[in-house]
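Asker: File name work_7.pdb; file contents PDB, C-alpha atoms; full text below.
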```
ATOM      1  CA  MET A 341      -0.425  -2.926 -30.488
ATOM      2  CA  LEU A 342      -1.111  -4.348 -27.031
ATOM      3  CA  ASP A 343      -4.656  -5.380 -26.153
ATOM      4  CA  ALA A 344      -6.452  -6.461 -22.963
ATOM      5  CA  GLU A 345      -5.383 -10.081 -23.562
ATOM      6  CA  PHE A 346      -1.717  -8.987 -23.584
ATOM      7  CA  PHE A 347      -2.169  -7.302 -20.211
ATOM      8  CA  ARG A 348      -4.105 -10.253 -18.817
ATOM      9  CA  ARG A 349      -1.197 -12.510 -19.804
ATOM     10  CA  TRP A 350       1.274 -10.069 -18.243
ATOM     11  CA  MET A 351      -0.582 -10.438 -14.956
ATOM     12  CA  THR A 352      -0.954 -14.241 -15.096
ATOM     13  CA  THR A 353       2.701 -14.628 -16.149
ATOM     14  CA  SER A 354       3.686 -12.384 -13.228
ATOM     15  CA  ALA A 355       1.556 -14.533 -10.927
ATOM     16  CA  ALA A 356       3.273 -17.700 -12.161
ATOM     17  CA  SER A 357       6.675 -16.092 -11.694
ATOM     18  CA  VAL A 358       5.856 -14.931  -8.165
ATOM     19  CA  ASP A 359       4.570 -18.445  -7.446
ATOM     20  CA  ARG A 360       7.891 -19.961  -8.608
ATOM     21  CA  GLU A 361      10.038 -17.376  -6.816
ATOM     22  CA  ALA A 362       8.013 -16.875  -3.614
ATOM     23  CA  ASP A 363      10.468 -18.782  -1.438
ATOM     24  CA  ARG A 364      13.424 -16.818  -2.805
ATOM     25  CA  LEU A 365      11.630 -13.492  -2.239
ATOM     26  CA  THR A 366      10.847 -14.467   1.342
ATOM     27  CA  ALA A 367      14.448 -15.623   1.861
ATOM     28  CA  LEU A 368      15.721 -12.239   0.617
ATOM     29  CA  ASP A 369      13.259 -10.565   2.995
ATOM     30  CA  SER A 370      14.510 -12.545   6.006
ATOM     31  CA  PRO A 371      17.789 -10.787   6.847
ATOM     32  CA  ILE A 372      16.543  -7.224   6.212
ATOM     33  CA  GLY A 373      12.746  -7.436   6.351
ATOM     34  CA  ASP A 374      10.062  -9.416   8.088
ATOM     35  CA  ALA A 375      10.315 -12.533   5.928
ATOM     36  CA  ASP A 376       6.912 -12.234   4.309
ATOM     37  CA  HIS A 377       7.487 -10.662   0.883
ATOM     38  CA  GLY A 378       7.121 -13.878  -1.118
ATOM     39  CA  THR A 379       4.141 -15.097   0.875
ATOM     40  CA  ASN A 380       2.415 -11.716   0.656
ATOM     41  CA  LEU A 381       2.932 -11.216  -3.071
ATOM     42  CA  HIS A 382       1.951 -14.808  -3.744
ATOM     43  CA  ARG A 383      -1.356 -14.264  -1.953
ATOM     44  CA  GLY A 384      -1.873 -10.994  -3.856
ATOM     45  CA  PHE A 385      -1.191 -12.374  -7.318
ATOM     46  CA  LYS A 386      -3.317 -15.425  -6.634
ATOM     47  CA  ALA A 387      -6.181 -13.001  -6.002
ATOM     48  CA  VAL A 388      -5.281 -11.133  -9.214
ATOM     49  CA  THR A 389      -5.472 -14.352 -11.237
ATOM     50  CA  ALA A 390      -8.778 -15.304  -9.622
ATOM     51  CA  ALA A 391     -10.275 -11.866 -10.293
ATOM     52  CA  LEU A 392      -9.163 -11.922 -13.934
ATOM     53  CA  GLU A 393     -10.756 -15.346 -14.358
ATOM     54  CA  LYS A 394     -14.020 -14.177 -12.860
ATOM     55  CA  GLU A 395     -14.195 -10.845 -14.643
ATOM     56  CA  THR A 396     -12.988 -10.205 -18.161
ATOM     57  CA  PRO A 397     -11.984  -6.544 -18.308
ATOM     58  CA  GLY A 398     -12.093  -5.391 -21.911
ATOM     59  CA  THR A 399      -9.308  -2.825 -21.981
ATOM     60  CA  PRO A 400      -5.640  -2.745 -20.947
ATOM     61  CA  GLY A 401      -6.431  -0.027 -18.413
ATOM     62  CA  ALA A 402      -9.255  -2.043 -16.862
ATOM     63  CA  VAL A 403      -7.055  -5.143 -16.516
ATOM     64  CA  LEU A 404      -4.403  -3.205 -14.612
ATOM     65  CA  THR A 405      -6.808  -1.290 -12.366
ATOM     66  CA  LEU A 406      -8.590  -4.521 -11.403
ATOM     67  CA  ALA A 407      -5.249  -6.218 -10.691
ATOM     68  CA  GLY A 408      -4.038  -3.256  -8.665
ATOM     69  CA  ARG A 409      -7.202  -3.239  -6.586
ATOM     70  CA  GLN A 410      -6.684  -6.898  -5.722
ATOM     71  CA  LEU A 411      -3.104  -6.255  -4.623
ATOM     72  CA  ILE A 412      -4.099  -3.366  -2.350
ATOM     73  CA  SER A 413      -6.778  -5.581  -0.759
ATOM     74  CA  THR A 414      -5.005  -8.855  -0.328
ATOM     75  CA  VAL A 415      -1.232  -8.501   0.047
ATOM     76  CA  GLY A 416      -1.194  -7.414   3.705
ATOM     77  CA  GLY A 417       2.240  -5.758   3.596
ATOM     78  CA  ALA A 418       3.648  -2.514   2.210
ATOM     79  CA  SER A 419       4.146  -4.106  -1.206
ATOM     80  CA  GLY A 420       0.333  -4.302  -1.579
ATOM     81  CA  PRO A 421      -0.424  -0.588  -1.705
ATOM     82  CA  LEU A 422       2.838   0.052  -3.574
ATOM     83  CA  TYR A 423       2.315  -2.502  -6.364
ATOM     84  CA  GLY A 424      -1.416  -1.804  -6.292
ATOM     85  CA  THR A 425      -0.746   1.878  -6.867
ATOM     86  CA  LEU A 426       1.785   1.064  -9.602
ATOM     87  CA  LEU A 427      -0.764  -0.983 -11.569
ATOM     88  CA  ARG A 428      -3.794   1.192 -10.885
ATOM     89  CA  ARG A 429      -2.054   4.422 -11.801
ATOM     90  CA  THR A 430      -0.593   2.829 -14.928
ATOM     91  CA  GLY A 431      -4.056   1.497 -15.791
ATOM     92  CA  LYS A 432      -5.685   4.868 -15.265
ATOM     93  CA  ALA A 433      -3.052   6.528 -17.450
ATOM     94  CA  LEU A 434      -3.920   4.071 -20.252
ATOM     95  CA  GLY A 435      -7.524   5.257 -20.103
ATOM     96  CA  ASP A 436     -10.277   3.469 -22.047
ATOM     97  CA  ALA A 437      -8.253   2.555 -25.146
ATOM     98  CA  THR A 438      -8.859  -1.031 -26.324
ATOM     99  CA  GLU A 439      -5.293  -1.230 -27.646
ATOM    100  CA  VAL A 440      -2.180   0.710 -26.688
ATOM    101  CA  SER A 441       1.257   1.056 -28.238
ATOM    102  CA  PRO A 442       4.449   0.094 -26.383
ATOM    103  CA  GLU A 443       5.230   3.819 -26.242
ATOM    104  CA  GLN A 444       1.909   4.518 -24.553
ATOM    105  CA  LEU A 445       2.595   1.718 -22.095
ATOM    106  CA  ALA A 446       6.030   3.174 -21.319
ATOM    107  CA  GLU A 447       4.489   6.573 -20.683
ATOM    108  CA  ALA A 448       1.732   5.121 -18.484
ATOM    109  CA  LEU A 449       4.187   2.985 -16.546
ATOM    110  CA  ARG A 450       6.227   6.117 -15.910
ATOM    111  CA  ALA A 451       3.121   7.688 -14.317
ATOM    112  CA  GLY A 452       2.698   4.519 -12.246
ATOM    113  CA  VAL A 453       6.283   4.576 -11.013
ATOM    114  CA  ASP A 454       5.986   8.279 -10.186
ATOM    115  CA  ALA A 455       2.908   7.473  -8.079
ATOM    116  CA  VAL A 456       4.839   4.748  -6.241
ATOM    117  CA  MET A 457       7.619   7.229  -5.440
ATOM    118  CA  THR A 458       5.075   9.754  -4.177
ATOM    119  CA  LEU A 459       3.272   7.181  -2.039
ATOM    120  CA  GLY A 460       6.350   5.604  -0.488
ATOM    121  CA  GLY A 461       8.604   8.650  -0.550
ATOM    122  CA  ALA A 462      11.462   6.637  -2.068
ATOM    123  CA  THR A 463      13.843   7.829  -4.752
ATOM    124  CA  PRO A 464      16.445   5.843  -6.730
ATOM    125  CA  GLY A 465      19.277   4.674  -4.474
ATOM    126  CA  ASP A 466      17.100   4.098  -1.393
ATOM    127  CA  LYS A 467      17.275   0.301  -1.896
ATOM    128  CA  THR A 468      13.638  -0.211  -2.872
ATOM    129  CA  MET A 469      11.535  -1.427  -5.792
ATOM    130  CA  VAL A 470      12.114   1.998  -7.349
ATOM    131  CA  ASP A 471      15.723   0.946  -8.064
ATOM    132  CA  ALA A 472      14.463  -1.686 -10.522
ATOM    133  CA  LEU A 473      11.420   0.168 -11.846
ATOM    134  CA  VAL A 474      12.988   3.502 -12.791
ATOM    135  CA  PRO A 475      15.742   2.013 -15.007
ATOM    136  CA  ALA A 476      13.189  -0.387 -16.490
ATOM    137  CA  VAL A 477      10.854   2.427 -17.506
ATOM    138  CA  ASP A 478      13.797   4.386 -18.909
ATOM    139  CA  ALA A 479      14.869   1.384 -21.015
ATOM    140  CA  LEU A 480      11.341   0.551 -22.140
ATOM    141  CA  ALA A 481      11.666   3.312 -24.757
ATOM    142  CA  GLU A 482      14.261   1.048 -26.388
ATOM    143  CA  SER A 483      12.649  -2.409 -26.056
ATOM    144  CA  PHE A 484      10.942  -4.821 -23.674
ATOM    145  CA  ALA A 485      14.143  -6.878 -23.527
ATOM    146  CA  ALA A 486      16.151  -3.790 -22.569
ATOM    147  CA  ALA A 487      13.655  -3.052 -19.814
ATOM    148  CA  ARG A 488      14.033  -6.587 -18.452
ATOM    149  CA  SER A 489      17.840  -6.289 -18.372
ATOM    150  CA  ALA A 490      17.693  -2.851 -16.787
ATOM    151  CA  ALA A 491      15.323  -4.054 -14.052
ATOM    152  CA  GLU A 492      17.481  -7.086 -13.288
ATOM    153  CA  GLU A 493      20.629  -4.975 -13.165
ATOM    154  CA  GLY A 494      18.834  -2.433 -10.988
ATOM    155  CA  ALA A 495      17.778  -5.160  -8.556
ATOM    156  CA  LEU A 496      21.305  -6.610  -8.376
ATOM    157  CA  ALA A 497      22.716  -3.124  -7.833
ATOM    158  CA  THR A 498      20.701  -2.739  -4.611
ATOM    159  CA  THR A 499      23.005  -5.202  -2.808
ATOM    160  CA  PRO A 500      25.724  -2.701  -1.786
ATOM    161  CA  LEU A 501      23.186   0.021  -0.936
ATOM    162  CA  GLN A 502      22.110   1.029   2.549
ATOM    163  CA  ALA A 503      18.322   1.019   2.905
ATOM    164  CA  ARG A 504      16.748   4.416   3.448
ATOM    165  CA  LYS A 505      13.068   3.415   3.261
ATOM    166  CA  GLY A 506      10.920   0.718   4.792
ATOM    167  CA  ARG A 507      11.672  -1.682   7.580
ATOM    168  CA  ALA A 508      15.188  -2.425   6.284
ATOM    169  CA  SER A 509      16.150   1.204   6.958
ATOM    170  CA  TYR A 510      16.012   0.492  10.716
ATOM    171  CA  LEU A 511      19.018  -1.779  10.212
ATOM    172  CA  GLY A 512      21.223   1.059   8.991
ATOM    173  CA  GLU A 513      24.558  -0.237   7.715
ATOM    174  CA  ARG A 514      23.531  -3.825   8.398
ATOM    175  CA  SER A 515      21.186  -3.578   5.413
ATOM    176  CA  ILE A 516      24.270  -3.388   3.162
ATOM    177  CA  GLY A 517      25.170  -6.620   1.371
ATOM    178  CA  HIS A 518      21.632  -7.896   0.830
ATOM    179  CA  GLN A 519      19.674  -7.653  -2.398
ATOM    180  CA  ASP A 520      16.412  -5.779  -1.905
ATOM    181  CA  PRO A 521      13.367  -8.070  -2.090
ATOM    182  CA  GLY A 522      11.102  -5.347  -3.518
ATOM    183  CA  ALA A 523      13.525  -4.518  -6.315
ATOM    184  CA  THR A 524      13.804  -8.255  -6.982
ATOM    185  CA  SER A 525      10.042  -8.739  -7.303
ATOM    186  CA  SER A 526       9.827  -5.627  -9.475
ATOM    187  CA  ALA A 527      12.390  -7.208 -11.806
ATOM    188  CA  LEU A 528      10.199 -10.335 -11.943
ATOM    189  CA  LEU A 529       7.211  -8.261 -13.055
ATOM    190  CA  ILE A 530       9.208  -6.524 -15.765
ATOM    191  CA  ALA A 531      10.663  -9.880 -16.882
ATOM    192  CA  ALA A 532       7.116 -11.228 -17.133
ATOM    193  CA  LEU A 533       6.200  -8.234 -19.313
ATOM    194  CA  ALA A 534       9.149  -8.936 -21.625
ATOM    195  CA  GLU A 535       8.262 -12.632 -21.716
ATOM    196  CA  VAL A 536       4.705 -11.912 -22.843
ATOM    197  CA  ALA A 537       5.979  -9.409 -25.424
ATOM    198  CA  ASP A 538       8.286 -12.132 -26.806
ATOM    199  CA  GLU A 539       5.439 -14.557 -27.399
TER     200      GLU A 539
ATOM    201  CA  MET B1260     -23.765  20.008  22.631
ATOM    202  CA  SER B1261     -24.717  16.939  24.535
ATOM    203  CA  ASP B1262     -27.195  15.772  21.910
ATOM    204  CA  ALA B1263     -24.710  15.857  19.076
ATOM    205  CA  GLY B1264     -23.778  12.214  19.540
ATOM    206  CA  GLU B1265     -24.975  11.359  16.057
ATOM    207  CA  GLN B1266     -22.491  13.721  14.509
ATOM    208  CA  ARG B1267     -19.260  12.966  16.294
ATOM    209  CA  VAL B1268     -16.104  12.482  14.288
ATOM    210  CA  GLY B1269     -15.253   8.796  13.977
ATOM    211  CA  VAL B1270     -11.808   7.443  14.785
ATOM    212  CA  VAL B1271     -10.174   4.414  13.123
ATOM    213  CA  LEU B1272      -7.050   2.880  14.633
ATOM    214  CA  VAL B1273      -4.917   0.894  12.186
ATOM    215  CA  SER B1274      -2.127  -1.276  13.558
ATOM    216  CA  HIS B1275      -0.169  -4.258  12.234
ATOM    217  CA  SER B1276      -1.502  -6.094  15.265
ATOM    218  CA  ALA B1277      -5.181  -6.717  15.982
ATOM    219  CA  ALA B1278      -4.398  -6.811  19.706
ATOM    220  CA  VAL B1279      -2.620  -3.435  19.613
ATOM    221  CA  ALA B1280      -5.422  -1.753  17.639
ATOM    222  CA  ALA B1281      -8.099  -3.142  19.963
ATOM    223  CA  ALA B1282      -6.189  -2.287  23.135
ATOM    224  CA  VAL B1283      -5.442   1.284  22.023
ATOM    225  CA  ALA B1284      -9.113   1.720  21.110
ATOM    226  CA  GLU B1285     -10.071   0.502  24.592
ATOM    227  CA  LEU B1286      -7.478   2.758  26.232
ATOM    228  CA  ALA B1287      -8.502   5.865  24.293
ATOM    229  CA  THR B1288     -12.200   5.266  24.891
ATOM    230  CA  GLY B1289     -11.560   4.606  28.573
ATOM    231  CA  LEU B1290      -9.632   7.864  28.953
ATOM    232  CA  ALA B1291     -12.325   9.815  27.115
ATOM    233  CA  GLY B1292     -14.439   9.836  30.240
ATOM    234  CA  GLY B1293     -17.773   8.558  31.412
ATOM    235  CA  GLY B1294     -20.154  10.269  29.020
ATOM    236  CA  PRO B1295     -21.007   9.184  25.477
ATOM    237  CA  THR B1296     -17.813   8.762  23.491
ATOM    238  CA  ALA B1297     -17.010   9.147  19.816
ATOM    239  CA  PRO B1298     -17.299   6.043  17.662
ATOM    240  CA  VAL B1299     -13.942   4.254  17.580
ATOM    241  CA  ALA B1300     -13.074   1.163  15.528
ATOM    242  CA  PRO B1301      -9.854  -0.830  15.501
ATOM    243  CA  ALA B1302      -8.550  -2.219  12.199
ATOM    244  CA  GLY B1303      -5.664  -4.397  13.247
ATOM    245  CA  GLY B1304      -3.720  -7.125  11.494
ATOM    246  CA  THR B1305      -4.718  -9.114   8.449
ATOM    247  CA  GLU B1306      -8.087 -10.720   7.834
ATOM    248  CA  ASP B1307      -6.740 -14.133   8.787
ATOM    249  CA  GLY B1308      -5.534 -12.833  12.147
ATOM    250  CA  GLY B1309      -1.856 -12.393  11.266
ATOM    251  CA  LEU B1310       0.378  -9.343  11.573
ATOM    252  CA  GLY B1311      -0.054  -6.892   8.722
ATOM    253  CA  THR B1312      -2.573  -4.531   7.197
ATOM    254  CA  SER B1313      -5.950  -5.243   5.651
ATOM    255  CA  ALA B1314      -7.571  -2.781   3.273
ATOM    256  CA  GLU B1315     -10.894  -4.550   3.833
ATOM    257  CA  LEU B1316     -10.727  -4.203   7.621
ATOM    258  CA  ILE B1317      -9.801  -0.521   7.267
ATOM    259  CA  SER B1318     -12.679   0.198   4.878
ATOM    260  CA  ALA B1319     -15.145  -1.657   7.108
ATOM    261  CA  ALA B1320     -13.902   0.130  10.246
ATOM    262  CA  ALA B1321     -14.155   3.545   8.575
ATOM    263  CA  ALA B1322     -17.696   2.820   7.369
ATOM    264  CA  SER B1323     -18.687   1.661  10.847
ATOM    265  CA  VAL B1324     -17.647   4.923  12.580
ATOM    266  CA  ASP B1325     -18.848   7.343   9.899
ATOM    267  CA  ARG B1326     -21.605   9.564  11.295
ATOM    268  CA  GLY B1327     -21.244  12.212   8.602
ATOM    269  CA  ALA B1328     -18.849  14.410  10.569
ATOM    270  CA  GLY B1329     -15.678  12.919   9.110
ATOM    271  CA  VAL B1330     -13.364  10.078  10.041
ATOM    272  CA  ALA B1331      -9.878  10.456  11.497
ATOM    273  CA  VAL B1332      -7.576   7.516  10.736
ATOM    274  CA  LEU B1333      -4.487   6.925  12.865
ATOM    275  CA  THR B1334      -1.910   4.309  11.900
ATOM    276  CA  ASP B1335       1.203   2.728  13.309
ATOM    277  CA  LEU B1336       3.765   2.386  10.510
ATOM    278  CA  GLY B1337       4.816   1.049   7.121
ATOM    279  CA  SER B1338       2.075  -0.764   5.269
ATOM    280  CA  ALA B1339      -0.581   0.665   7.604
ATOM    281  CA  VAL B1340       0.314   4.184   6.447
ATOM    282  CA  LEU B1341       0.710   3.179   2.795
ATOM    283  CA  THR B1342      -2.550   1.238   2.675
ATOM    284  CA  VAL B1343      -4.582   4.134   4.062
ATOM    285  CA  LYS B1344      -2.884   6.529   1.638
ATOM    286  CA  ALA B1345      -3.593   4.190  -1.274
ATOM    287  CA  LEU B1346      -7.244   3.843  -0.234
ATOM    288  CA  LEU B1347      -7.594   7.623   0.044
ATOM    289  CA  ALA B1348      -6.083   7.975  -3.432
ATOM    290  CA  GLU B1349      -8.738   5.592  -4.770
ATOM    291  CA  GLY B1350     -11.371   8.169  -3.924
ATOM    292  CA  ASP B1351     -14.309   5.846  -3.285
ATOM    293  CA  GLU B1352     -12.953   3.327  -0.796
ATOM    294  CA  LEU B1353     -13.397   5.378   2.377
ATOM    295  CA  PRO B1354     -16.235   7.639   3.561
ATOM    296  CA  ASP B1355     -16.234  11.281   2.481
ATOM    297  CA  ARG B1356     -14.091  13.428   4.739
ATOM    298  CA  THR B1357     -11.832  10.630   5.830
ATOM    299  CA  ARG B1358      -8.388  11.864   6.758
ATOM    300  CA  LEU B1359      -5.101  10.165   7.552
ATOM    301  CA  VAL B1360      -3.935  11.966  10.689
ATOM    302  CA  ASP B1361      -0.210  12.464  11.210
ATOM    303  CA  ALA B1362       0.118  11.561  14.888
ATOM    304  CA  PRO B1363       1.818   9.169  17.312
ATOM    305  CA  PHE B1364      -0.385   6.101  17.544
ATOM    306  CA  VAL B1365      -1.185   5.791  21.248
ATOM    307  CA  GLU B1366      -0.990   9.424  22.368
ATOM    308  CA  GLY B1367      -2.653  10.606  19.170
ATOM    309  CA  ALA B1368      -5.472   8.105  19.576
ATOM    310  CA  VAL B1369      -6.186   9.315  23.099
ATOM    311  CA  ALA B1370      -6.163  12.966  21.979
ATOM    312  CA  ALA B1371      -8.372  12.198  18.974
ATOM    313  CA  VAL B1372     -10.964  10.207  20.899
ATOM    314  CA  VAL B1373     -11.102  12.698  23.789
ATOM    315  CA  THR B1374     -11.630  15.683  21.465
ATOM    316  CA  ALA B1375     -14.007  13.817  19.157
ATOM    317  CA  SER B1376     -16.044  12.683  22.162
ATOM    318  CA  ALA B1377     -16.284  16.327  23.271
ATOM    319  CA  GLY B1378     -17.929  17.097  19.934
ATOM    320  CA  ALA B1379     -14.979  18.731  18.174
ATOM    321  CA  ASP B1380     -14.937  18.875  14.378
ATOM    322  CA  LEU B1381     -12.541  16.904  12.166
ATOM    323  CA  GLU B1382      -9.949  19.706  11.903
ATOM    324  CA  THR B1383      -9.828  20.098  15.678
ATOM    325  CA  VAL B1384      -9.564  16.360  16.221
ATOM    326  CA  GLU B1385      -6.743  16.188  13.696
ATOM    327  CA  ALA B1386      -4.897  19.128  15.280
ATOM    328  CA  ALA B1387      -5.219  17.629  18.775
ATOM    329  CA  ALA B1388      -3.875  14.274  17.628
ATOM    330  CA  SER B1389      -0.961  15.809  15.726
ATOM    331  CA  GLU B1390      -0.126  18.036  18.676
ATOM    332  CA  ALA B1391       0.583  14.893  20.672
ATOM    333  CA  TYR B1392       3.931  14.785  18.859
ATOM    334  CA  SER B1393       5.013  17.834  20.858
ATOM    335  CA  TYR B1394       4.412  16.376  24.315
ATOM    336  CA  ARG B1395       7.988  15.700  25.396
ATOM    337  CA  LYS B1396       8.493  13.111  28.102
ATOM    338  CA  VAL B1397      11.946  14.116  29.215
TER     339      VAL B1397
END
```
Please render this file's structure as structure tokens.
Answerer:
Amino acid sequence: MLDAEFFRRWMTTSAASVDREADRLTALDSPIGDADHGTNLHRGFKAVTAALEKETPGTPGAVLTLAGRQLISTVGGASGPLYGTLLRRTGKALGDATEVSPEQLAEALRAGVDAVMTLGGATPGDKTMVDALVPAVDALAESFAAARSAAEEGALATTPLQARKGRASYLGERSIGHQDPGATSSALLIAALAEVADE
Amino acid sequence: MSDAGEQRVGVVLVSHSAAVAAAVAELATGLAGGGPTAPVAPAGGTEDGGLGTSAELISAAAASVDRGAGVAVLTDLGSAVLTVKALLAEGDELPDRTRLVDAPFVEGAVAAVVTASAGADLETVEAAASEAYSYRKV
């Protein structure tokens, strides 16, 4: 079973990963975005870590809703409301349970990803974070490791796609040939989840 | 009613740029005429003055123009739209009867502020702003 401490570590491990990879995320965002994805997410996850240090939410759902609120407030780019919605909706779906099963997490994460698709209007194949998250949630039924692989493969598979959502979509065919920064950061979050599950 | 100033619909203008939000607010208020105008608040850029969107600035702007008659929020694009939608989905981040209005930013802002200043209700303000999409220029 997964408790609040598991989810707190998922968030702090994600923050550490975003910290390590911020420059790469921004570099990916330079040719097809506005070169701020790494900086923005770094600021957001720093606020998540700070909030989780100050408050100690007692349930998995409370950890994720607090983290999501921080991301909506502090990121400053589209990834803020998108990741914020992902975590908050997942957290709300987990309810007040003090411990949840991996199956319950998979189901809740599915609700979170659905909310992201509703908010941003993106579907798989649009070259967005959805391209990493949807396969990850599908594979989570199998294992955390499978979800990590699926997210990484999903992120890599965005390279030949033409962007249909977000700023990159203005570039049309010129968006082809670049890996999507949002799908890449989504893969980092799923990898952090698998890492914590391994411990 | 000329004494309905307390109950005018508020208008919030959300842009990636603080300068754009402030200038459009000034433009819309200026075009609304000489009498008392509806409360208008810009929410532009990030809190540290950069380009982007700030949930905190949006929430503060919405609270500052809320007179109980509703708040119409107009945005430019991308994260401005998504942040307002996410805040509305939260349920308790924005005043009651806050609405994201689907409208072109500059023309919609002028239409919204003019109608709100005339004492129109939220639905009318929203319709006037959205209608700005249909004003062809060529």
Asker: Give me the residues of chain B that have any atom at most 8 Å from an atom of chain A; for each, the nearest atom pair and the distance in Å, rounded to one decimal. Use all atoms listed in the file, sort by chain and number, and format it as CSV.
Answerer:
```
residue,atom,partner,partner_atom,distance
B:Thr1305,CA,A:Gly416,CA,6.1
B:Gly1311,CA,A:Gly416,CA,5.2
B:Thr1312,CA,A:Gly416,CA,4.7
B:Ser1313,CA,A:Gly416,CA,5.6
B:Ala1314,CA,A:Ser413,CA,5.0
B:Glu1315,CA,A:Ser413,CA,6.3
B:Gly1337,CA,A:Ala418,CA,6.2
B:Ser1338,CA,A:Ala418,CA,3.9
B:Ala1339,CA,A:Ala418,CA,7.6
B:Leu1341,CA,A:Pro421,CA,6.0
B:Thr1342,CA,A:Pro421,CA,5.2
B:Lys1344,CA,A:Leu459,CA,7.2
B:Ala1345,CA,A:Pro421,CA,5.7
```
Asker: Please produce a file of those selected residues containing C-alpha atoms, as a PDB file, in the coordinates of the input.
Answerer:
```pdb
ATOM      1  CA  THR B1305      -4.718  -9.114   8.449  1.00  0.00           C
ATOM      2  CA  GLY B1311      -0.054  -6.892   8.722  1.00  0.00           C
ATOM      3  CA  THR B1312      -2.573  -4.531   7.197  1.00  0.00           C
ATOM      4  CA  SER B1313      -5.950  -5.243   5.651  1.00  0.00           C
ATOM      5  CA  ALA B1314      -7.571  -2.781   3.273  1.00  0.00           C
ATOM      6  CA  GLU B1315     -10.894  -4.550   3.833  1.00  0.00           C
ATOM      7  CA  GLY B1337       4.816   1.049   7.121  1.00  0.00           C
ATOM      8  CA  SER B1338       2.075  -0.764   5.269  1.00  0.00           C
ATOM      9  CA  ALA B1339      -0.581   0.665   7.604  1.00  0.00           C
ATOM     10  CA  LEU B1341       0.710   3.179   2.795  1.00  0.00           C
ATOM     11  CA  THR B1342      -2.550   1.238   2.675  1.00  0.00           C
ATOM     12  CA  LYS B1344      -2.884   6.529   1.638  1.00  0.00           C
ATOM     13  CA  ALA B1345      -3.593   4.190  -1.274  1.00  0.00           C
TER      14      ALA B1345
END
```
Asker: Could you tell me which residues the PyMOL selection byres ((chain B and resi 1391) around 9) grabs in this file, written as a list in words?
Answerer: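 Checked against the file, the PyMOL selection byres ((chain B and resi 1391) around 9) matches Ala1362, Pro1363, Glu1366, Gly1367, Ala1370, Ala1386, Ala1387, Ala1388, Ser1389, Glu1390, Tyr1392, Ser1393, Tyr1394 and Arg1395 of chain B.
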Asker: Let me make sure I understand: among B:Asp1335, B:Glu1382, B:Glu1285, B:Glu1306, which one has the smallest atom-to-atom distance to B:Arg1356 if we use all atoms listed in the file?
Answerer: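 For B:Arg1356, the nearest of the given residues is B:Glu1382.
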Asker: Around the point (-13.9, 13.8, 18.9), in the coordinates given by the file, pick out the residues reaching within 12 Å, counting only C-alpha atoms, and return them as a ChimeraX atom specification.
Answerer: /B:1263-1271,1287-1288,1291,1295-1299,1324,1326,1328-1331,1367-1388
Asker: Can you tell me, as an MDAnalysis selection string, which residues sit within 7 Å of (5.4, -9.8, -13.3) in the file's frame, using only C-alpha atoms?
Answerer: chainID A and resid 350:351 353:355 357 528:533
Asker: Env of A:Gly522: 8 Å cut, atoms = all atoms listed in the file, seq-sep filter 5 positions within chain, self excluded. Answer as a list in words.
Answerer: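 The contact residues come out as His377, Ser419, Thr468 and Met469 of chain A.
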Asker: How would the residues just picked look written out with C-alpha atoms as a compact mmCIF listing (two decimals), in the frame of the given file?
Answerer:
```txt
# COMPACT_ATOMS: atom_id res chain seq x y z
CA HIS A 377 7.49 -10.66 0.88
CA SER A 419 4.15 -4.11 -1.21
CA THR A 468 13.64 -0.21 -2.87
CA MET A 469 11.54 -1.43 -5.79
```
Asker: Which residue out of B:Val1273, B:Val1397, B:Val1340, B:Ala1282 has the minimum interatomic distance to B:Ile1317 when all atoms listed in the file are used?
Answerer: B:Val1273
